[in-house]
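S.K.: Sharing upload-v8.tsv (TSV, C-alpha atoms) below.
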```tsv
chain	number	residue	atom	x	y	z
A	60	MET	CA	-182.30	-48.82	41.73
A	61	ASP	CA	-182.72	-49.70	38.03
A	62	HIS	CA	-179.65	-51.94	38.37
A	63	LYS	CA	-177.51	-49.05	39.64
A	64	VAL	CA	-176.15	-48.08	43.05
A	65	VAL	CA	-177.43	-44.62	43.95
A	66	ASN	CA	-177.34	-42.37	47.00
A	67	ARG	CA	-180.63	-41.83	48.80
A	68	GLY	CA	-181.48	-39.70	51.80
A	69	VAL	CA	-183.41	-40.52	54.94
A	70	LEU	CA	-185.95	-37.93	56.09
A	71	VAL	CA	-186.91	-38.02	59.76
A	72	VAL	CA	-189.54	-35.73	61.29
A	73	SER	CA	-189.97	-35.40	65.03
A	74	GLY	CA	-192.43	-33.26	66.94
A	75	VAL	CA	-193.34	-32.14	70.43
A	76	ARG	CA	-196.88	-33.15	71.35
A	77	GLU	CA	-199.42	-31.14	73.33
A	78	ASP	CA	-198.35	-32.99	76.47
A	79	GLY	CA	-194.73	-31.90	75.98
A	80	PHE	CA	-193.34	-35.29	74.97
A	81	ARG	CA	-191.39	-35.82	71.76
A	82	GLU	CA	-192.35	-38.36	69.14
A	83	ILE	CA	-191.08	-39.43	65.71
A	84	LEU	CA	-193.81	-38.41	63.27
A	85	GLY	CA	-192.48	-39.65	59.95
A	86	VAL	CA	-189.68	-41.52	58.20
A	87	GLU	CA	-189.01	-41.59	54.46
A	88	VAL	CA	-186.26	-42.82	52.16
A	89	ALA	CA	-186.19	-40.41	49.24
A	90	ASN	CA	-184.36	-37.96	47.02
A	91	THR	CA	-183.53	-35.20	49.49
A	92	GLU	CA	-182.56	-32.72	46.77
A	93	SER	CA	-186.11	-32.46	45.44
A	94	GLU	CA	-188.68	-30.01	46.80
A	95	ALA	CA	-191.39	-32.48	45.71
A	96	THR	CA	-190.02	-34.97	48.24
A	97	TYR	CA	-190.69	-32.59	51.13
A	98	GLN	CA	-194.06	-31.58	49.69
A	99	GLU	CA	-195.23	-35.19	49.72
A	100	LEU	CA	-193.80	-35.79	53.19
A	101	PHE	CA	-195.75	-32.85	54.64
A	102	ARG	CA	-198.94	-33.87	52.75
A	103	SER	CA	-198.62	-37.32	54.31
A	104	LEU	CA	-198.21	-35.91	57.82
A	105	LYS	CA	-201.24	-33.64	57.40
A	106	ARG	CA	-203.35	-36.48	56.01
A	107	ARG	CA	-202.48	-38.46	59.13
A	108	GLY	CA	-203.76	-35.62	61.32
A	109	LEU	CA	-200.81	-33.33	62.00
A	110	SER	CA	-202.15	-29.94	63.12
A	111	GLY	CA	-201.44	-27.11	65.53
A	112	VAL	CA	-197.88	-26.60	64.30
A	113	GLN	CA	-196.32	-23.44	65.73
A	114	LEU	CA	-192.64	-23.82	64.82
A	115	VAL	CA	-190.63	-25.81	62.29
A	116	ILE	CA	-186.89	-26.26	62.86
A	117	SER	CA	-184.64	-27.28	59.98
A	118	ASP	CA	-181.43	-26.56	58.14
A	119	ASP	CA	-181.17	-24.22	55.16
A	120	HIS	CA	-182.38	-26.44	52.31
A	121	GLU	CA	-184.23	-24.34	49.72
A	122	GLY	CA	-186.63	-27.12	48.72
A	123	LEU	CA	-187.41	-27.88	52.33
A	124	LYS	CA	-188.00	-24.22	53.20
A	125	SER	CA	-190.31	-23.80	50.19
A	126	ALA	CA	-192.32	-26.83	51.26
A	127	ILE	CA	-192.57	-25.50	54.83
A	128	ALA	CA	-193.81	-22.13	53.57
A	129	ARG	CA	-196.44	-23.82	51.42
A	130	HIS	CA	-197.78	-26.39	53.88
A	131	PHE	CA	-197.40	-24.48	57.14
A	132	GLN	CA	-198.36	-20.94	56.22
A	133	GLY	CA	-198.02	-18.49	59.09
A	134	VAL	CA	-195.90	-20.93	61.12
A	135	SER	CA	-192.53	-19.72	62.42
A	136	HIS	CA	-189.42	-21.27	60.88
A	137	GLN	CA	-186.22	-21.61	62.91
A	138	ARG	CA	-183.00	-22.17	60.98
A	139	CYS	CA	-180.73	-24.48	62.95
A	140	GLN	CA	-178.08	-22.32	64.60
A	141	VAL	CA	-175.49	-25.11	64.55
A	142	HIS	CA	-175.82	-25.58	60.78
A	143	TYR	CA	-175.79	-21.82	60.25
A	144	ALA	CA	-172.65	-21.29	62.35
A	145	ARG	CA	-170.90	-24.17	60.60
A	146	ASN	CA	-171.69	-22.70	57.19
A	147	LEU	CA	-170.59	-19.19	58.16
A	148	LEU	CA	-167.36	-20.34	59.80
A	149	GLY	CA	-166.52	-22.16	56.58
A	150	ILE	CA	-166.40	-18.82	54.76
A	151	VAL	CA	-163.50	-17.43	56.81
A	152	GLY	CA	-159.93	-18.59	57.31
A	153	VAL	CA	-158.87	-20.71	60.26
A	154	ALA	CA	-157.33	-17.71	62.06
A	155	ARG	CA	-160.70	-15.88	62.14
A	156	ARG	CA	-162.95	-18.76	63.13
A	157	LYS	CA	-162.50	-18.58	66.89
A	158	GLU	CA	-163.38	-14.87	67.04
A	159	LEU	CA	-166.33	-15.26	64.67
A	160	GLY	CA	-167.58	-18.22	66.69
A	161	THR	CA	-167.50	-16.06	69.82
A	162	ASP	CA	-169.39	-13.29	68.01
A	163	LEU	CA	-172.09	-15.73	66.87
A	164	ARG	CA	-172.53	-17.05	70.40
A	165	ALA	CA	-172.99	-13.47	71.60
A	166	ILE	CA	-175.76	-12.95	69.03
A	167	PHE	CA	-177.52	-16.18	69.98
A	168	ALA	CA	-177.20	-15.43	73.71
A	169	ALA	CA	-179.18	-12.18	73.40
A	170	PRO	CA	-182.36	-12.15	75.52
A	171	ASP	CA	-184.60	-10.77	72.76
A	172	ARG	CA	-184.72	-10.28	69.00
A	173	LYS	CA	-184.01	-6.54	69.12
A	174	GLN	CA	-180.79	-6.98	71.06
A	175	ALA	CA	-179.74	-9.95	68.92
A	176	LEU	CA	-180.09	-7.84	65.77
A	177	THR	CA	-178.15	-4.99	67.38
A	178	VAL	CA	-175.26	-7.32	68.22
A	179	ALA	CA	-175.43	-8.88	64.75
A	180	ALA	CA	-175.24	-5.43	63.12
A	181	ALA	CA	-172.16	-4.60	65.18
A	182	VAL	CA	-170.51	-7.90	64.20
A	183	ALA	CA	-171.32	-7.31	60.53
A	184	ASP	CA	-169.87	-3.81	60.72
A	185	LYS	CA	-166.67	-5.16	62.29
A	186	CYS	CA	-166.35	-7.82	59.61
A	187	ARG	CA	-166.86	-5.28	56.84
A	188	LYS	CA	-164.14	-3.01	58.25
A	189	ARG	CA	-161.76	-5.97	58.23
A	190	GLY	CA	-162.53	-6.78	54.62
A	191	ASN	CA	-164.87	-9.72	55.27
A	192	GLU	CA	-167.68	-8.36	53.11
A	193	LYS	CA	-169.13	-11.79	52.39
A	194	VAL	CA	-169.52	-12.58	56.09
A	195	ALA	CA	-171.06	-9.15	56.75
A	196	GLU	CA	-173.62	-9.62	53.96
A	197	HIS	CA	-174.42	-13.14	55.13
A	198	LEU	CA	-175.17	-11.89	58.63
A	199	GLU	CA	-177.31	-9.02	57.40
A	200	GLU	CA	-179.32	-11.22	55.03
A	201	HIS	CA	-179.73	-14.44	57.01
A	202	ILE	CA	-179.24	-13.99	60.76
A	203	GLU	CA	-182.95	-13.29	61.35
A	204	GLU	CA	-183.73	-16.81	60.13
A	205	CYS	CA	-181.93	-18.07	63.26
A	206	LEU	CA	-183.85	-15.92	65.74
A	207	SER	CA	-187.42	-17.23	65.59
A	208	TYR	CA	-186.89	-19.13	68.85
A	209	LEU	CA	-186.79	-15.80	70.73
A	210	ALA	CA	-190.56	-15.44	70.27
A	211	PHE	CA	-191.10	-18.51	72.48
A	212	PRO	CA	-190.84	-18.98	76.26
A	213	GLU	CA	-187.31	-18.66	77.60
A	214	SER	CA	-187.38	-22.18	79.06
A	215	HIS	CA	-188.04	-23.58	75.57
A	216	ARG	CA	-185.32	-21.73	73.70
A	217	ARG	CA	-182.34	-23.96	74.34
A	218	ARG	CA	-184.18	-26.91	72.84
A	219	ILE	CA	-185.83	-25.26	69.85
A	220	ARG	CA	-182.99	-23.29	68.32
A	221	THR	CA	-181.23	-26.26	66.70
A	222	THR	CA	-182.00	-29.69	65.27
A	223	ASN	CA	-179.76	-31.27	67.92
A	224	GLY	CA	-182.74	-33.15	69.33
A	225	LEU	CA	-182.52	-35.55	66.38
A	226	GLU	CA	-178.75	-35.87	66.21
A	227	ARG	CA	-178.52	-38.96	68.39
A	228	LEU	CA	-180.95	-40.81	66.14
A	229	ASN	CA	-179.24	-39.51	63.00
A	230	GLN	CA	-175.88	-40.75	64.25
A	231	GLU	CA	-177.30	-44.19	65.02
A	232	ILE	CA	-178.89	-44.38	61.55
A	233	LYS	CA	-175.54	-43.52	59.96
A	234	ARG	CA	-173.70	-46.06	62.10
A	235	ARG	CA	-176.09	-48.90	61.31
A	236	SER	CA	-176.36	-48.08	57.60
A	237	ARG	CA	-172.56	-48.00	57.22
A	238	VAL	CA	-172.47	-51.61	58.42
A	239	VAL	CA	-174.86	-52.64	55.64
A	240	ARG	CA	-173.08	-50.42	53.08
A	241	ILE	CA	-175.43	-51.09	50.13
A	242	PHE	CA	-179.11	-51.94	50.51
A	243	PRO	CA	-180.68	-54.11	47.77
A	244	ASN	CA	-183.55	-51.59	47.49
A	245	GLU	CA	-185.41	-48.98	49.54
A	246	ARG	CA	-187.59	-51.41	51.53
A	247	PRO	CA	-184.89	-52.96	53.76
A	248	CYS	CA	-183.41	-49.51	54.32
A	249	LEU	CA	-186.80	-48.19	55.39
A	250	ARG	CA	-187.33	-51.20	57.69
A	251	LEU	CA	-184.02	-50.58	59.45
A	252	VAL	CA	-184.54	-46.85	59.86
A	253	THR	CA	-188.15	-47.27	60.98
A	254	ALA	CA	-187.12	-49.82	63.63
A	255	LEU	CA	-184.55	-47.37	65.00
A	256	ALA	CA	-187.09	-44.53	64.89
A	257	VAL	CA	-189.71	-46.57	66.76
A	258	GLU	CA	-187.15	-47.46	69.42
A	259	GLN	CA	-186.16	-43.80	69.83
A	260	SER	CA	-189.77	-42.63	69.89
A	261	GLU	CA	-190.69	-45.12	72.61
A	262	GLU	CA	-187.72	-43.98	74.68
A	263	TRP	CA	-188.88	-40.38	74.40
A	264	ILE	CA	-192.52	-41.12	75.23
A	265	THR	CA	-191.67	-43.18	78.30
A	266	GLY	CA	-189.04	-40.70	79.53
A	267	ARG	CA	-189.30	-37.16	80.79
A	268	SER	CA	-191.36	-34.40	79.23
A	269	TYR	CA	-189.27	-32.43	76.73
A	270	LEU	CA	-191.06	-29.06	77.01
A	271	ASP	CA	-193.57	-27.56	79.40
A	272	MET	CA	-196.24	-26.76	76.83
A	273	GLY	CA	-198.33	-24.98	79.44
A	274	GLU	CA	-195.87	-22.09	79.24
A	275	LEU	CA	-197.04	-21.38	75.69
A	276	GLU	CA	-200.49	-20.44	76.97
A	277	GLY	CA	-200.68	-16.70	77.37
A	278	HIS	CA	-197.07	-16.24	76.27
A	279	CYS	CA	-196.66	-12.87	74.56
A	280	PRO	CA	-193.50	-12.40	72.44
A	281	GLU	CA	-191.40	-9.26	72.90
A	282	GLU	CA	-192.49	-7.88	69.53
A	283	GLU	CA	-196.18	-8.15	70.44
A	284	ARG	CA	-195.61	-6.44	73.80
A	285	GLU	CA	-193.99	-3.51	72.02
A	286	VAL	CA	-196.92	-3.22	69.60
A	287	LYS	CA	-199.51	-3.44	72.36
A	288	GLY	CA	-197.62	-0.86	74.40
```
Take the structure in this file and express it as structure tokens.
M.R.:
Amino acid sequence: MDHKVVNRGVLVVSGVREDGFREILGVEVANTESEATYQELFRSLKRRGLSGVQLVISDDHEGLKSAIARHFQGVSHQRCQVHYARNLLGIVGVARRKELGTDLRAIFAAPDRKQALTVAAAVADKCRKRGNEKVAEHLEEHIEECLSYLAFPESHRRRIRTTNGLERLNQEIKRRSRVVRIFPNERPCLRLVTALAVEQSEEWITGRSYLDMGELEGHCPEEEREVKG
């Protein structure tokens, strides 16, 4: 770009349709550090007819989260638990990682939000007593971002609490782009990534249903049941 070699990111958006099948909705080659990039991506998806969004799953990118809040107001946001755990484990020393990993799995295995927060509070208290104030504060401030999936049907939860559903495609994109090393411009990069995305999308559509969307009808989250009494 402008006679220089620069790093660019690839943005891939997938979704689960009303019939329960997954599909790649959008692919962009762009500056992934800019909030404006995500704003334009979401505008494009909405112009093309995207509607009925109930949950957005992503990692903890501030620009991305701001764009989600702006374009999908009132929609639940699920922070990827794998990314969250990886970030939190990076705060502690190697000797503490196994125990903290076990504690995080206990939080994420809770059957409802109330119990998950109770376990998280106990873990934070334990960390604070052991001098891990930063970990305790991180849990208290951010763990709720990882628990939105608990408001959805139990059969859906395993598949909506992380971005793992896209990892296979992401890995293939990385593998194929490493072979090329440097693209002459964005267009050939976009052609390669789009071809891979189309192939993945067709595999999903012709395979098995990803989620039973019928279970969303009449589903009442735990919090709403408590309010309704």
S.K.: For a quick check of your reading of the model, name the residues lying within 10 Å of the coordinate (-191.6, -37.6, 60.2), counting all atoms listed in the file, and write them as a list in words.
M.R.: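 In the file's frame, the residues around the point are Leu70, Val71, Val72, Ser73, Gly74, Glu82, Ile83, Leu84, Gly85, Val86, Glu87, Leu100, Phe101, Ser103, Leu104 and Ala256 of chain A.
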S.K.: Mind giving me the straight-line distance from CA of Leu176 (chain A) to CA of Glu276 (chain A) in Å, one decimal?
M.R.: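 Taking CA of Leu176 (chain A) and CA of Glu276 (chain A), their separation equals 26.5 Å.
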S.K.: One number please: CA of His197 (chain A) to CA of Asp184 (chain A), in Å, one decimal.
M.R.: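 So the two atoms, CA of His197 (chain A) and CA of Asp184 (chain A), lie 11.8 Å apart.
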S.K.: Rounded to one decimal place, report the CA of His142 (chain A)-CA of Thr177 (chain A) distance in Å.
M.R.: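 CA of His142 (chain A) sits 21.7 Å away from CA of Thr177 (chain A).
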S.K.: Restricting the calculation to all atoms listed in the file: of A:Gly152, A:Ala179, A:Arg129, A:Tyr208, which residue gets closest to Ala195 (chain A)?
M.R.: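 Distance minimum relative to Ala195 (chain A) lands on A:Ala179.
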